[in-house]
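Asks: Next comes work.cif, mmCIF, C-alpha atoms and all ligand atoms:
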```cif
data_final
#
loop_
_atom_site.label_atom_id
_atom_site.label_comp_id
_atom_site.auth_asym_id
_atom_site.auth_seq_id
_atom_site.Cartn_x
_atom_site.Cartn_y
_atom_site.Cartn_z
CA MET A 561 0.00 0.00 0.00
CA SER A 562 1.17 3.51 -0.70
CA VAL A 563 0.47 6.25 1.83
CA ILE A 564 -1.33 4.83 4.79
CA ASN A 565 -3.70 6.00 7.40
CA SER A 566 -4.23 3.63 10.21
CA PHE A 567 -6.37 3.07 13.24
CA LYS A 568 -5.88 0.44 15.88
CA THR A 569 -8.39 -0.65 18.43
CA ARG A 570 -9.58 -3.67 20.30
CA THR A 571 -13.00 -5.21 20.58
CA ASN A 572 -14.09 -7.27 23.55
CA ASN A 573 -16.89 -9.20 21.86
CA SER A 574 -18.63 -9.67 18.53
CA GLU A 575 -21.07 -6.80 19.21
CA ASP A 576 -18.13 -4.38 19.49
CA THR A 577 -16.79 -5.58 16.16
CA PHE A 578 -20.24 -5.25 14.62
CA GLU A 579 -20.58 -1.67 15.93
CA LEU A 580 -17.12 -0.66 14.73
CA ALA A 581 -17.95 -1.95 11.25
CA LYS A 582 -21.36 -0.31 11.38
CA SER A 583 -19.78 3.09 12.00
CA LEU A 584 -17.51 2.51 8.98
CA GLY A 585 -20.43 1.36 6.84
CA ALA A 586 -22.30 4.56 7.63
CA LYS A 587 -19.39 6.54 6.14
CA CYS A 588 -19.03 4.51 2.96
CA ARG A 589 -19.67 6.37 -0.29
CA GLY A 590 -19.49 3.50 -2.77
CA GLY A 591 -16.33 2.27 -4.45
CA GLU A 592 -14.64 1.09 -1.27
CA LEU A 593 -12.70 -2.16 -1.15
CA PHE A 594 -12.29 -3.91 2.19
CA LEU A 595 -9.75 -6.68 2.50
CA LEU A 596 -10.42 -8.61 5.71
CA VAL A 597 -7.57 -10.65 7.16
CA SER A 598 -7.72 -13.08 10.08
CA ASP A 599 -7.74 -16.74 10.94
CA LEU A 600 -10.97 -18.75 10.85
CA GLY A 601 -13.44 -17.28 13.33
CA GLY A 602 -11.45 -14.06 13.61
CA GLY A 603 -14.47 -11.87 12.94
CA LYS A 604 -14.42 -11.12 9.20
CA THR A 605 -18.03 -12.09 8.53
CA THR A 606 -19.17 -10.40 11.73
CA PHE A 607 -17.49 -7.23 10.48
CA THR A 608 -19.25 -7.57 7.13
CA LYS A 609 -22.61 -7.81 8.89
CA GLY A 610 -21.90 -4.57 10.74
CA LEU A 611 -20.79 -2.85 7.56
CA LEU A 612 -24.08 -3.74 5.87
CA SER A 613 -26.04 -2.57 8.87
CA GLY A 614 -24.24 0.79 8.69
CA LEU A 615 -25.20 1.01 5.03
CA GLY A 616 -28.83 0.71 6.00
CA SER A 617 -29.29 -2.85 4.82
CA ASP A 618 -31.46 -5.20 6.82
CA ALA A 619 -30.26 -8.20 4.82
CA VAL A 620 -29.49 -11.41 6.63
CA VAL A 621 -25.80 -11.79 5.93
CA SER A 622 -24.47 -15.30 5.72
CA SER A 623 -20.93 -16.44 5.22
CA PRO A 624 -20.30 -16.76 1.48
CA THR A 625 -17.85 -19.62 2.06
CA PHE A 626 -19.89 -22.02 -0.05
CA THR A 627 -21.20 -19.58 -2.60
CA VAL A 628 -17.99 -17.52 -2.89
CA ASN A 629 -19.82 -14.30 -3.74
CA ASN A 630 -22.98 -12.80 -2.24
CA VAL A 631 -24.44 -9.50 -3.40
CA TYR A 632 -26.52 -7.24 -1.17
CA ASP A 633 -28.68 -4.40 -2.39
CA CYS A 634 -28.47 -1.36 -0.11
CA PRO A 635 -30.43 1.89 -0.02
CA ASN A 636 -28.94 4.70 -2.16
CA GLY A 637 -28.32 2.32 -5.04
CA ILE A 638 -25.22 0.80 -3.50
CA TYR A 639 -24.35 -2.88 -3.80
CA VAL A 640 -22.14 -4.80 -1.44
CA HIS A 641 -20.27 -7.69 -3.03
CA HIS A 642 -19.04 -10.09 -0.37
CA PHE A 643 -16.38 -12.54 -1.58
CA ASP A 644 -14.87 -15.41 0.36
CA PHE A 645 -12.05 -17.32 -1.34
CA TYR A 646 -11.49 -19.79 1.50
CA ARG A 647 -12.50 -22.85 -0.50
CA LEU A 648 -10.94 -21.91 -3.81
CA ASN A 649 -7.49 -23.02 -4.89
CA GLU A 650 -7.37 -20.46 -7.65
CA GLY A 651 -9.24 -17.24 -8.28
CA GLY A 652 -10.42 -18.26 -11.76
CA VAL A 653 -13.74 -16.90 -12.94
CA VAL A 654 -14.51 -15.44 -9.50
CA ALA A 655 -11.37 -13.33 -9.68
CA GLN A 656 -12.67 -11.99 -12.99
CA GLU A 657 -16.00 -11.12 -11.39
CA LEU A 658 -14.11 -9.42 -8.60
CA ALA A 659 -12.07 -7.37 -11.06
CA GLU A 660 -15.26 -6.25 -12.79
CA VAL A 661 -17.03 -5.04 -9.66
CA LEU A 662 -13.88 -3.25 -8.50
CA ASP A 663 -14.40 -0.82 -11.37
CA ASP A 664 -17.96 -0.02 -10.33
CA PRO A 665 -18.28 3.14 -8.18
CA LYS A 666 -21.71 2.01 -6.96
CA SER A 667 -20.28 -1.18 -5.51
CA ILE A 668 -18.56 -1.81 -2.23
CA VAL A 669 -16.39 -4.92 -2.26
CA VAL A 670 -15.58 -7.00 0.80
CA VAL A 671 -13.04 -9.81 0.48
CA GLU A 672 -12.30 -12.61 2.92
CA TRP A 673 -9.29 -14.89 2.35
CA GLY A 674 -8.04 -12.72 -0.50
CA ASP A 675 -4.49 -14.14 -0.75
CA ILE A 676 -5.10 -16.00 -3.99
CA VAL A 677 -6.48 -12.88 -5.66
CA SER A 678 -3.91 -10.46 -4.29
CA GLU A 679 -2.66 -9.62 -7.79
CA VAL A 680 -6.19 -8.50 -8.75
CA LEU A 681 -6.54 -6.24 -5.72
CA PRO A 682 -5.47 -2.61 -6.17
CA GLU A 683 -3.33 -0.58 -3.77
CA SER A 684 -6.39 1.48 -3.15
CA LYS A 685 -8.18 -0.34 -0.35
CA ILE A 686 -9.00 -0.64 3.32
CA GLU A 687 -7.20 -3.52 4.97
CA VAL A 688 -8.63 -4.76 8.25
CA ARG A 689 -6.66 -7.26 10.36
CA PHE A 690 -8.15 -9.13 13.27
CA ASP A 691 -5.79 -10.73 15.76
CA ARG A 692 -6.71 -12.79 18.76
CA SER A 693 -5.44 -11.72 22.13
CA LYS A 694 -4.18 -13.54 25.20
CA GLU A 695 -6.45 -11.25 27.18
CA GLY A 696 -9.52 -13.32 26.41
CA GLU A 697 -11.24 -15.61 23.95
CA ASP A 698 -13.47 -12.84 22.65
CA VAL A 699 -10.87 -10.10 22.46
CA ARG A 700 -9.64 -9.01 19.03
CA GLN A 701 -6.94 -6.52 18.19
CA ILE A 702 -8.17 -4.74 15.09
CA ASP A 703 -5.81 -2.88 12.82
CA ILE A 704 -7.28 -0.83 9.98
CA LYS A 705 -5.05 0.60 7.28
CA THR A 706 -6.39 2.67 4.41
CA SER A 707 -4.92 4.19 1.32
CA THR A 708 -5.29 7.99 1.52
CA ASN A 709 -8.31 8.12 -0.78
CA PHE A 710 -10.27 6.15 1.83
CA SER A 711 -9.01 7.95 4.94
CA TYR A 712 -12.42 9.63 5.38
CA LEU A 713 -13.55 6.32 6.84
CA LEU A 714 -11.25 6.72 9.83
CA GLU A 715 -12.39 10.19 10.76
CA GLY A 716 -13.96 10.32 14.18
CA LEU A 717 -13.19 6.73 15.14
CA LYS A 718 -12.44 6.24 18.81
P1 LIG A 801 -14.58 -15.28 10.14
O1 LIG A 801 -15.48 -14.77 9.06
O2 LIG A 801 -13.32 -14.47 10.30
O3 LIG A 801 -14.27 -16.74 10.01
P2 LIG A 801 -16.89 -14.94 11.88
O4 LIG A 801 -17.22 -13.50 11.97
O5 LIG A 801 -17.70 -15.81 10.99
O6 LIG A 801 -15.32 -15.07 11.54
O7 LIG A 801 -16.92 -15.58 13.32
C1 LIG A 801 -16.36 -14.97 14.45
C2 LIG A 801 -16.78 -15.77 15.66
O8 LIG A 801 -16.08 -15.30 16.81
C3 LIG A 801 -18.25 -15.61 15.94
O9 LIG A 801 -18.74 -16.81 16.47
C4 LIG A 801 -18.27 -14.50 16.99
O10 LIG A 801 -19.40 -14.56 17.83
C5 LIG A 801 -17.01 -14.80 17.75
N1 LIG A 801 -16.37 -13.63 18.38
C6 LIG A 801 -15.97 -13.58 19.66
N2 LIG A 801 -15.41 -12.41 19.95
C7 LIG A 801 -15.45 -11.67 18.80
C8 LIG A 801 -15.01 -10.35 18.49
N3 LIG A 801 -14.38 -9.55 19.38
N4 LIG A 801 -15.22 -9.93 17.22
C9 LIG A 801 -15.82 -10.72 16.32
N5 LIG A 801 -16.26 -11.98 16.56
C10 LIG A 801 -16.08 -12.45 17.80
MG MG A 802 -16.11 -15.60 7.24
#
```
In structure tokens, write the structure found in this file.
Replies:
Amino acid sequence: MSVINSFKTRTNNSEDTFELAKSLGAKCRGGELFLLVSDLGGGKTTFTKGLLSGLGSDAVVSSPTFTVNNVYDCPNGIYVHHFDFYRLNEGGVVAQELAEVLDDPKSIVVVEWGDIVSEVLPESKIEVRFDRSKEGEDVRQIDIKTSTNFSYLLEGLK
């Protein structure tokens, strides 16, 4: 990533993670790309649920692990494309779909397990890392880094 703006915090439970993501979702304008990085059960899908809530969607968000790509229609004509590459050995046709939606300013793209499509992903993105903590089973250290064009998302975070 080029110039970076970052924000670090911790959440003590899944509701905290949901609320953090919700506050980010409320600031999204369309065109954002979120790359979510953690181990299994780290909180990536929980974060995605919060993001959609912040965008005003009342969709029931499920993990796209088996479908690879779910699309959610939000108010204001925005679409959230939620990709999960966990079960794929190569990006293939899904990587092509991903590349197409990345060019759409009305779409917000959320990617879980994006390693195999890293060459498709632009520098311009929001990378969110979730790390477990020795402090407790439900504690996550969350590290958000954005390229400068997306730094508006970090304004006012506490
Ligand atoms: P991933 O998509 O990274 O595999 P999920 O969001 O599907 O992770 O699952 C996270 C699991 O961990 C959920 O069961 C959630 O309730 C639990 N959890 C516990 N603490 C947290 C936290 N601080 N943030 C997010 N999820 C948490
Ligand atoms: Mg998940």
Asks: Hey, which residues sit close to ligand MG 802 (chain A)? Say within 10 Å, counting all atoms listed in the file, and write them as a ChimeraX atom specification.
Replies: /A:596-608,622-625,642-646,671-673
Asks: Between A:Leu580, A:Ile704, A:Ala655, A:Cys588, single out the one closest to Lys718 in chain A, counting only C-alpha atoms.
Replies: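 Result for the nearest residue to Lys718 in chain A: A:Leu580.
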Asks: Looking at all atoms listed in the file, which of A:Gly696, A:Gly674, A:Gly585, A:Gly616 is the one that sits closest to ligand LIG 801 (chain A)?
Replies: A:Gly696
Asks: For a test of reading the model, state the distance in Å between CA of Phe690 in chain A and atom O2 of ligand LIG 801 (chain A), rounded to one decimal.
Replies: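 CA of Phe690 in chain A sits 8.0 Å away from atom O2 of ligand LIG 801 (chain A).
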Asks: Using only C-alpha atoms and all ligand atoms, can you tell me which of A:Ser617, A:Ser711, A:Thr627, A:Ser693 comes closest to ligand LIG 801 (chain A)?
Replies: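 Smallest separation from ligand LIG 801 (chain A) among the options: A:Ser693.
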Asks: Work out how far apart CA of Val654 in chain A and CA of Val680 in chain A are and give it in Å to one decimal.
Replies: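 Computing it gives 10.9 Å between the two atoms.
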Asks: Rounded to one decimal, what separation in Å do you get between atom C4 of ligand LIG 801 (chain A) and CA of Glu579 in chain A?
Replies: 13.1 Å
Asks: Measuring atom to atom with all atoms listed in the file, identify which of A:Ile686, A:Leu717, A:Val669, A:Ala581 is nearest to ligand LIG 801 (chain A).
Replies: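 So, comparing all the options, the nearest one is A:Ala581.
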Asks: Name the residues in contact with Arg570 in chain A at a cut-off of 10 Å, using all atoms listed in the file, excluding same-chain residues fewer than 3 positions from it; report them as a count of residues only.
Replies: 13
Asks: Find the residue from A:Gly591, A:Gly610, A:Gly716, A:Gly651 that sits nearest to ligand LIG 801 (chain A); use only C-alpha atoms and all ligand atoms when measuring.
Replies: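 Nearest candidate to ligand LIG 801 (chain A) out of A:Gly591, A:Gly610, A:Gly716, A:Gly651: A:Gly610.
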Asks: Return the single residue from A:Glu715, A:Glu575, A:Glu650, A:Asp664 that is closest to ligand LIG 801 (chain A), with distances computed using all atoms listed in the file.
Replies: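 Checking each candidate against ligand LIG 801 (chain A), we get A:Glu575 as the closest.
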Asks: Counting all atoms listed in the file, find residues at most 9 Å from (-21.0, 1.8, 5.5) (file frame) and give them as JSON, numbers by chain.
Replies: {"A": [581, 582, 583, 584, 585, 586, 587, 588, 589, 590, 610, 611, 612, 613, 614, 615, 616, 668, 713]}
